[in-house]
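One structure is given below, encoded as structure tokens.
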2 protein chains.
Amino acid sequence: MLSKKTKYGLKALTFIARSESDMPVQVSVIAKSEQIPQKFLEGILLTLRKSGILGSKKGKHGGYYLRSLPSEIKMTDVMRVLEGPIAMVPCVSLNYYEKCDDCPDEHKCSVHKLMIEVRDNTLKVFRNTTLADLSGI
Amino acid sequence: MLSKKTKYGLKALTFIARSESDMPVQVSVIAKSEQIPQKFLEGILLTLRKSGILGSKKGKHGGYYLRSLPSEIKMTDVMRVLEGPIAMVPCVSLNYYEKCDDCPDEHKCSVHKLMIEVRDNTLKVFRNTTLADLSGI
DNA sequence: TGTAATCCCTACTAAATTGATAGGATTAAT
DNA sequence: ATTAATCCTATCAATTTAGTAGGGATTACA
């Protein structure tokens with residue numbers, strides 16, 4: 001299941017990408033428009049900023065803005081920041097690999113093989129999709 | 001994340017598929033061999049039986065057996081029984097569709113489109129993979 | 001210089017889910 | 001009868017999720 005955090009995060013990024021002015025976009029504006037609890041969204045955008053996807057400006061007339069062009073923001077990066085590993089099991093994760101306790105030899109593990117296939121197909125989608133695609137721009 | 005339930009279930013199915021004799025396979029044997037807590041596994045196999053994937057025989061010399069050939073047991077069915085919906089959001093689920101609270105029009109939702117792509121690719125993998133593939137037979 | 005608007009940060013909490021465990025009821029072979 | 005198995009229900013601790021609360025720090029602008 002996709003977490004609300006990820007869903008809200010994607011919606012917020014889309015909103016920012018679609019905003020035409022070059023002024024930063026305020027959390028309150030996004031929260032209202034996308035029906036997201038504002039305080040919850042604050043935390044999400046903070047995470048996205050810390051990861052380098054968003055930049056921010058504090059104080060009056062502050063807000064958030066994209067650090068790159070929408071067409072250069074890949075879903076692989078966004079999803080890893082918001083949702084964590086893309087793989088469904090740590091033993092097939094590229095970025096967060098972990099050995100399974102119960103698997104003596106993972107190359108013989110039937111689950112392993114299946115999950116590698118799923119991971120590769122999901123990665124393909126996320127690698128070929130940018131924020132520009134999501135935003136329809 | 002794949003739940004332990006699903007992981008254990010897949011391993012158990014593989015184990016049964018590989019067992020050559022036509023005697024039913026006992027939970028205790030699978031649990032020991034695959035390092036799965038036996039009581040936990042009992043519940044999982046029960047679920048698989050109720051869904052029609054496994055059959056069982058009670059009493060002494062009882063156990064579980066496949067109801068179809070491994071090559072006819074598709075991962076779509078197994079995954080739906082063990083893990084639930086394949087889609088990452090209910091609004092793109094084929095079998096468990098639910099409208100999102102926060103989405104006025106899901107055809108305009110950026111998350112929706114992305115998640116349909118992920119779902120289709122994952123489905124493709126699960127549709128093209130059978131228990132025979134997992135079991136290497 | 002003051003004030004309002006805005007992001008930033010930490011801590012807390014309720015509800016749901018997960019990964020089990022416990023204890024027995026039922027069934028069937030010997 | 002005894003033994004070995006599935007079947008069933010209840011319970012539980014740990015974790016995660018989704019959100020709330022309360023304020024601190026920074027900036028624009030009157």
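Residue names in the structure tokens use chain letters A, B, ... in the order shown, residue numbers from 1 in each chain, and ligand numbers from 1 in the order shown.
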*At most 9 Å to chain B: residues in chain A, only C-alpha atoms, as an MDAnalysis selection string*: chainID A and resid 1:3 7 10:11 14 34:36 85:90 102:103 109:111 113:114 117:119 121:122 125:126 129 133:136
Save the residues we just selected, N, CA and C atoms, as a JSON list (two decimals), in the first residue's frame?
[["chain", "number", "residue", "atom", "x", "y", "z"],
["A", 1, "MET", "N", 0.82, -1.22, 0.00],
["A", 1, "MET", "CA", 0.00, 0.00, 0.00],
["A", 1, "MET", "C", 0.85, 1.27, 0.00],
["A", 2, "LEU", "N", 0.44, 2.20, -0.81],
["A", 2, "LEU", "CA", 1.11, 3.49, -0.82],
["A", 2, "LEU", "C", 0.69, 4.24, 0.44],
["A", 3, "SER", "N", 1.66, 4.81, 1.14],
["A", 3, "SER", "CA", 1.30, 5.57, 2.34],
["A", 3, "SER", "C", 0.70, 6.91, 1.96],
["A", 7, "LYS", "N", 1.51, 9.66, -1.09],
["A", 7, "LYS", "CA", 0.45, 10.18, -1.94],
["A", 7, "LYS", "C", 0.38, 11.70, -1.84],
["A", 10, "LEU", "N", 3.42, 13.36, -3.49],
["A", 10, "LEU", "CA", 3.34, 13.41, -4.95],
["A", 10, "LEU", "C", 2.37, 14.49, -5.41],
["A", 11, "LYS", "N", 1.25, 14.58, -4.72],
["A", 11, "LYS", "CA", 0.27, 15.60, -5.09],
["A", 11, "LYS", "C", 0.84, 17.00, -4.90],
["A", 14, "THR", "N", 3.35, 17.79, -7.62],
["A", 14, "THR", "CA", 2.62, 18.09, -8.85],
["A", 14, "THR", "C", 2.06, 19.51, -8.81],
["A", 34, "GLU", "N", -5.35, 20.76, -2.13],
["A", 34, "GLU", "CA", -5.28, 19.30, -2.30],
["A", 34, "GLU", "C", -5.94, 18.53, -1.16],
["A", 35, "GLN", "N", -6.54, 19.25, -0.24],
["A", 35, "GLN", "CA", -7.22, 18.61, 0.88],
["A", 35, "GLN", "C", -6.29, 17.74, 1.71],
["A", 36, "ILE", "N", -5.20, 18.31, 2.10],
["A", 36, "ILE", "CA", -4.23, 17.60, 2.92],
["A", 36, "ILE", "C", -4.09, 18.33, 4.25],
["A", 85, "PRO", "N", 12.42, 2.02, 0.31],
["A", 85, "PRO", "CA", 12.90, 1.11, -0.73],
["A", 85, "PRO", "C", 11.81, 0.78, -1.75],
["A", 86, "ILE", "N", 12.22, 0.64, -2.99],
["A", 86, "ILE", "CA", 11.27, 0.28, -4.04],
["A", 86, "ILE", "C", 11.02, -1.22, -4.05],
["A", 87, "ALA", "N", 12.04, -1.98, -3.70],
["A", 87, "ALA", "CA", 11.89, -3.44, -3.64],
["A", 87, "ALA", "C", 10.93, -3.85, -2.53],
["A", 88, "MET", "N", 10.27, -4.98, -2.74],
["A", 88, "MET", "CA", 9.32, -5.45, -1.75],
["A", 88, "MET", "C", 9.98, -6.27, -0.64],
["A", 89, "VAL", "N", 11.20, -6.70, -0.87],
["A", 89, "VAL", "CA", 11.97, -7.37, 0.20],
["A", 89, "VAL", "C", 13.38, -6.81, 0.21],
["A", 90, "PRO", "N", 13.94, -6.63, 1.40],
["A", 90, "PRO", "CA", 15.26, -6.03, 1.54],
["A", 90, "PRO", "C", 16.33, -6.79, 0.76],
["A", 102, "ASP", "N", 16.09, -15.90, 7.34],
["A", 102, "ASP", "CA", 15.65, -17.28, 7.14],
["A", 102, "ASP", "C", 16.17, -17.91, 5.85],
["A", 103, "CYS", "N", 16.97, -17.20, 5.09],
["A", 103, "CYS", "CA", 17.39, -17.71, 3.79],
["A", 103, "CYS", "C", 18.85, -18.14, 3.81],
["A", 109, "CYS", "N", 16.44, -19.03, -3.53],
["A", 109, "CYS", "CA", 15.14, -18.68, -2.94],
["A", 109, "CYS", "C", 14.14, -18.29, -4.02],
["A", 110, "SER", "N", 13.00, -18.96, -4.00],
["A", 110, "SER", "CA", 11.99, -18.73, -5.02],
["A", 110, "SER", "C", 11.39, -17.33, -4.92],
["A", 111, "VAL", "N", 11.26, -16.86, -3.70],
["A", 111, "VAL", "CA", 10.68, -15.52, -3.49],
["A", 111, "VAL", "C", 11.62, -14.46, -4.06],
["A", 113, "LYS", "N", 13.73, -14.53, -6.56],
["A", 113, "LYS", "CA", 13.67, -14.39, -8.01],
["A", 113, "LYS", "C", 12.43, -13.60, -8.45],
["A", 114, "LEU", "N", 11.33, -13.96, -7.88],
["A", 114, "LEU", "CA", 10.08, -13.28, -8.23],
["A", 114, "LEU", "C", 10.15, -11.79, -7.90],
["A", 117, "GLU", "N", 12.10, -9.62, -10.25],
["A", 117, "GLU", "CA", 11.33, -9.28, -11.45],
["A", 117, "GLU", "C", 10.38, -8.12, -11.19],
["A", 118, "VAL", "N", 9.70, -8.19, -10.08],
["A", 118, "VAL", "CA", 8.78, -7.11, -9.73],
["A", 118, "VAL", "C", 9.53, -5.80, -9.57],
["A", 119, "ARG", "N", 10.63, -5.88, -8.85],
["A", 119, "ARG", "CA", 11.45, -4.68, -8.64],
["A", 119, "ARG", "C", 11.89, -4.08, -9.97],
["A", 121, "ASN", "N", 10.61, -4.28, -12.92],
["A", 121, "ASN", "CA", 9.51, -3.68, -13.67],
["A", 121, "ASN", "C", 9.04, -2.38, -13.04],
["A", 122, "THR", "N", 9.02, -2.35, -11.73],
["A", 122, "THR", "CA", 8.61, -1.13, -11.05],
["A", 122, "THR", "C", 9.65, -0.03, -11.27],
["A", 125, "VAL", "N", 9.32, 1.66, -14.58],
["A", 125, "VAL", "CA", 8.27, 2.70, -14.59],
["A", 125, "VAL", "C", 8.78, 3.98, -13.94],
["A", 126, "PHE", "N", 9.37, 3.84, -12.76],
["A", 126, "PHE", "CA", 9.79, 5.02, -12.01],
["A", 126, "PHE", "C", 10.95, 5.75, -12.70],
["A", 129, "THR", "N", 9.53, 7.85, -15.61],
["A", 129, "THR", "CA", 8.51, 8.84, -15.30],
["A", 129, "THR", "C", 9.13, 9.98, -14.51],
["A", 133, "ASP", "N", 5.85, 14.41, -16.30],
["A", 133, "ASP", "CA", 4.82, 13.48, -16.75],
["A", 133, "ASP", "C", 3.62, 13.50, -15.81],
["A", 134, "LEU", "N", 3.89, 13.47, -14.54],
["A", 134, "LEU", "CA", 2.81, 13.48, -13.55],
["A", 134, "LEU", "C", 1.98, 14.75, -13.67],
["A", 135, "SER", "N", 2.67, 15.84, -13.93],
["A", 135, "SER", "CA", 2.00, 17.14, -13.92],
["A", 135, "SER", "C", 1.34, 17.46, -15.25],
["A", 136, "GLY", "N", 1.61, 16.65, -16.23],
["A", 136, "GLY", "CA", 1.02, 16.89, -17.55],
["A", 136, "GLY", "C", 1.55, 18.16, -18.18]]
*Could you please select, counting only C-alpha atoms (C1' of nucleotides), the residues of chain B within 6 Å of chain D and state them as a ChimeraX atom specification?*
/B:58-60,62
_Please find the residues of chain C near chain B - the criterion being any atom within 8 Å, counting only C-alpha atoms (C1' of nucleotides) - and write them as JSON, numbers by chain._
{"C": [18, 19, 20, 21, 27, 28, 29]}
_Near-range 47-54 of chain B list (7 Å; only C-alpha atoms (C1' of nucleotides); drop same-chain fewer than 4 positions) as a PyMOL selection string_ = chain B and resi 43+64-67+81
Please dump the current selection as a CSV table (one decimal), in the first residue's frame; keep N, CA, C and O atoms.
chain,number,residue,atom,x,y,z
B,43,GLY,N,-1.7,-21.1,10.2
B,43,GLY,CA,-2.7,-20.1,9.8
B,43,GLY,C,-2.6,-19.8,8.3
B,43,GLY,O,-3.6,-19.6,7.6
B,64,TYR,N,-1.1,-31.0,3.7
B,64,TYR,CA,-1.5,-30.2,2.6
B,64,TYR,C,-1.0,-30.6,1.2
B,64,TYR,O,0.1,-31.2,1.1
B,65,TYR,N,-1.8,-30.4,0.2
B,65,TYR,CA,-1.4,-30.7,-1.2
B,65,TYR,C,-2.0,-29.6,-2.1
B,65,TYR,O,-2.9,-28.9,-1.8
B,66,LEU,N,-1.4,-29.5,-3.3
B,66,LEU,CA,-1.8,-28.6,-4.3
B,66,LEU,C,-3.1,-29.1,-4.9
B,66,LEU,O,-3.2,-30.2,-5.2
B,67,ARG,N,-4.0,-28.1,-5.2
B,67,ARG,CA,-5.2,-28.5,-5.9
B,67,ARG,C,-5.1,-28.5,-7.4
B,67,ARG,O,-6.0,-28.9,-8.1
B,81,VAL,N,-4.4,-13.7,-2.5
B,81,VAL,CA,-4.8,-14.3,-1.3
B,81,VAL,C,-4.0,-14.0,-0.1
B,81,VAL,O,-4.4,-13.7,1.0
*Looking only at alpha helix (DSSP H) from DSSP on the backbone, list the matching residues of chain A as a PyMOL selection string.*
chain A and resi 4-18+27-34+38-50+75-83+110-127+131-135
Take the residues from that selection and put them in a file with C-alpha atoms, as a PDB file, in the first residue's frame.
ATOM      1  CA  LYS A   4      -0.633   8.796   2.677  1.00  0.00           C
ATOM      2  CA  LYS A   5       2.694  10.486   3.102  1.00  0.00           C
ATOM      3  CA  THR A   6       3.784   9.439  -0.374  1.00  0.00           C
ATOM      4  CA  LYS A   7       0.449  10.179  -1.938  1.00  0.00           C
ATOM      5  CA  TYR A   8       0.314  13.646  -0.401  1.00  0.00           C
ATOM      6  CA  GLY A   9       3.921  14.264  -1.306  1.00  0.00           C
ATOM      7  CA  LEU A  10       3.338  13.411  -4.951  1.00  0.00           C
ATOM      8  CA  LYS A  11       0.270  15.601  -5.092  1.00  0.00           C
ATOM      9  CA  ALA A  12       2.148  18.483  -3.542  1.00  0.00           C
ATOM     10  CA  LEU A  13       5.050  18.144  -5.963  1.00  0.00           C
ATOM     11  CA  THR A  14       2.617  18.090  -8.846  1.00  0.00           C
ATOM     12  CA  PHE A  15       0.940  21.194  -7.513  1.00  0.00           C
ATOM     13  CA  ILE A  16       4.234  23.024  -7.243  1.00  0.00           C
ATOM     14  CA  ALA A  17       5.294  21.916 -10.720  1.00  0.00           C
ATOM     15  CA  ARG A  18       2.077  23.270 -12.175  1.00  0.00           C
ATOM     16  CA  VAL A  27       2.185  24.940   2.408  1.00  0.00           C
ATOM     17  CA  SER A  28      -1.172  26.434   3.312  1.00  0.00           C
ATOM     18  CA  VAL A  29      -2.078  26.921  -0.339  1.00  0.00           C
ATOM     19  CA  ILE A  30      -1.210  23.338  -1.257  1.00  0.00           C
ATOM     20  CA  ALA A  31      -2.926  21.924   1.802  1.00  0.00           C
ATOM     21  CA  LYS A  32      -6.144  23.747   1.036  1.00  0.00           C
ATOM     22  CA  SER A  33      -6.194  22.959  -2.642  1.00  0.00           C
ATOM     23  CA  GLU A  34      -5.280  19.303  -2.303  1.00  0.00           C
ATOM     24  CA  GLN A  38      -1.558  21.220   6.755  1.00  0.00           C
ATOM     25  CA  LYS A  39       0.627  20.185   9.672  1.00  0.00           C
ATOM     26  CA  PHE A  40       1.079  16.750   8.182  1.00  0.00           C
ATOM     27  CA  LEU A  41       2.028  18.249   4.851  1.00  0.00           C
ATOM     28  CA  GLU A  42       4.567  20.522   6.507  1.00  0.00           C
ATOM     29  CA  GLY A  43       6.513  17.491   7.630  1.00  0.00           C
ATOM     30  CA  ILE A  44       6.361  15.891   4.214  1.00  0.00           C
ATOM     31  CA  LEU A  45       7.659  18.946   2.406  1.00  0.00           C
ATOM     32  CA  LEU A  46      10.394  19.241   4.983  1.00  0.00           C
ATOM     33  CA  THR A  47      11.533  15.733   4.113  1.00  0.00           C
ATOM     34  CA  LEU A  48      11.501  16.569   0.426  1.00  0.00           C
ATOM     35  CA  ARG A  49      13.548  19.670   1.103  1.00  0.00           C
ATOM     36  CA  LYS A  50      16.111  17.799   3.178  1.00  0.00           C
ATOM     37  CA  MET A  75      10.107   9.117  -9.699  1.00  0.00           C
ATOM     38  CA  THR A  76      12.820   6.748  -8.506  1.00  0.00           C
ATOM     39  CA  ASP A  77      14.244   9.544  -6.380  1.00  0.00           C
ATOM     40  CA  VAL A  78      10.914  10.862  -5.182  1.00  0.00           C
ATOM     41  CA  MET A  79       9.603   7.428  -4.262  1.00  0.00           C
ATOM     42  CA  ARG A  80      12.755   6.476  -2.391  1.00  0.00           C
ATOM     43  CA  VAL A  81      12.553   9.640  -0.317  1.00  0.00           C
ATOM     44  CA  LEU A  82       8.866   9.370   0.439  1.00  0.00           C
ATOM     45  CA  GLU A  83       8.131   5.664   0.494  1.00  0.00           C
ATOM     46  CA  SER A 110      11.991 -18.727  -5.025  1.00  0.00           C
ATOM     47  CA  VAL A 111      10.685 -15.521  -3.495  1.00  0.00           C
ATOM     48  CA  HIS A 112      13.910 -13.735  -4.278  1.00  0.00           C
ATOM     49  CA  LYS A 113      13.674 -14.394  -8.009  1.00  0.00           C
ATOM     50  CA  LEU A 114      10.075 -13.278  -8.233  1.00  0.00           C
ATOM     51  CA  MET A 115      10.720 -10.116  -6.280  1.00  0.00           C
ATOM     52  CA  ILE A 116      13.661  -9.201  -8.483  1.00  0.00           C
ATOM     53  CA  GLU A 117      11.334  -9.276 -11.455  1.00  0.00           C
ATOM     54  CA  VAL A 118       8.777  -7.113  -9.729  1.00  0.00           C
ATOM     55  CA  ARG A 119      11.449  -4.683  -8.636  1.00  0.00           C
ATOM     56  CA  ASP A 120      12.880  -4.382 -12.139  1.00  0.00           C
ATOM     57  CA  ASN A 121       9.510  -3.680 -13.668  1.00  0.00           C
ATOM     58  CA  THR A 122       8.608  -1.126 -11.049  1.00  0.00           C
ATOM     59  CA  LEU A 123      11.989   0.531 -11.413  1.00  0.00           C
ATOM     60  CA  LYS A 124      11.469   0.745 -15.145  1.00  0.00           C
ATOM     61  CA  VAL A 125       8.273   2.697 -14.593  1.00  0.00           C
ATOM     62  CA  PHE A 126       9.790   5.016 -12.007  1.00  0.00           C
ATOM     63  CA  ARG A 127      12.917   5.621 -14.091  1.00  0.00           C
ATOM     64  CA  LEU A 131       7.428  14.977 -12.359  1.00  0.00           C
ATOM     65  CA  ALA A 132       6.713  16.600 -15.711  1.00  0.00           C
ATOM     66  CA  ASP A 133       4.816  13.476 -16.752  1.00  0.00           C
ATOM     67  CA  LEU A 134       2.814  13.484 -13.550  1.00  0.00           C
ATOM     68  CA  SER A 135       1.998  17.142 -13.920  1.00  0.00           C
TER      69      SER A 135
END
_Under the rule that only C-alpha atoms are counted, which of B:Ile73, B:Gly63, B:His107, B:Gly55 is the nearest residue to Met23 in chain B?_
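Closest candidate: B:Gly63.
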*Please identify which residues in range 50-128 of chain B DSSP calls strand (DSSP E) from the backbone, and express them as a PyMOL selection string.*
chain B and resi 54-57+63-66
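If you look at CA of Leu94 in chain B and CA of Leu69 in chain B, they are 25.7 Å away from each other.
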*How far is it from CA of Pro70 in chain B to CA of Thr130 in chain B, in Å with one decimal?*
6.6 Å
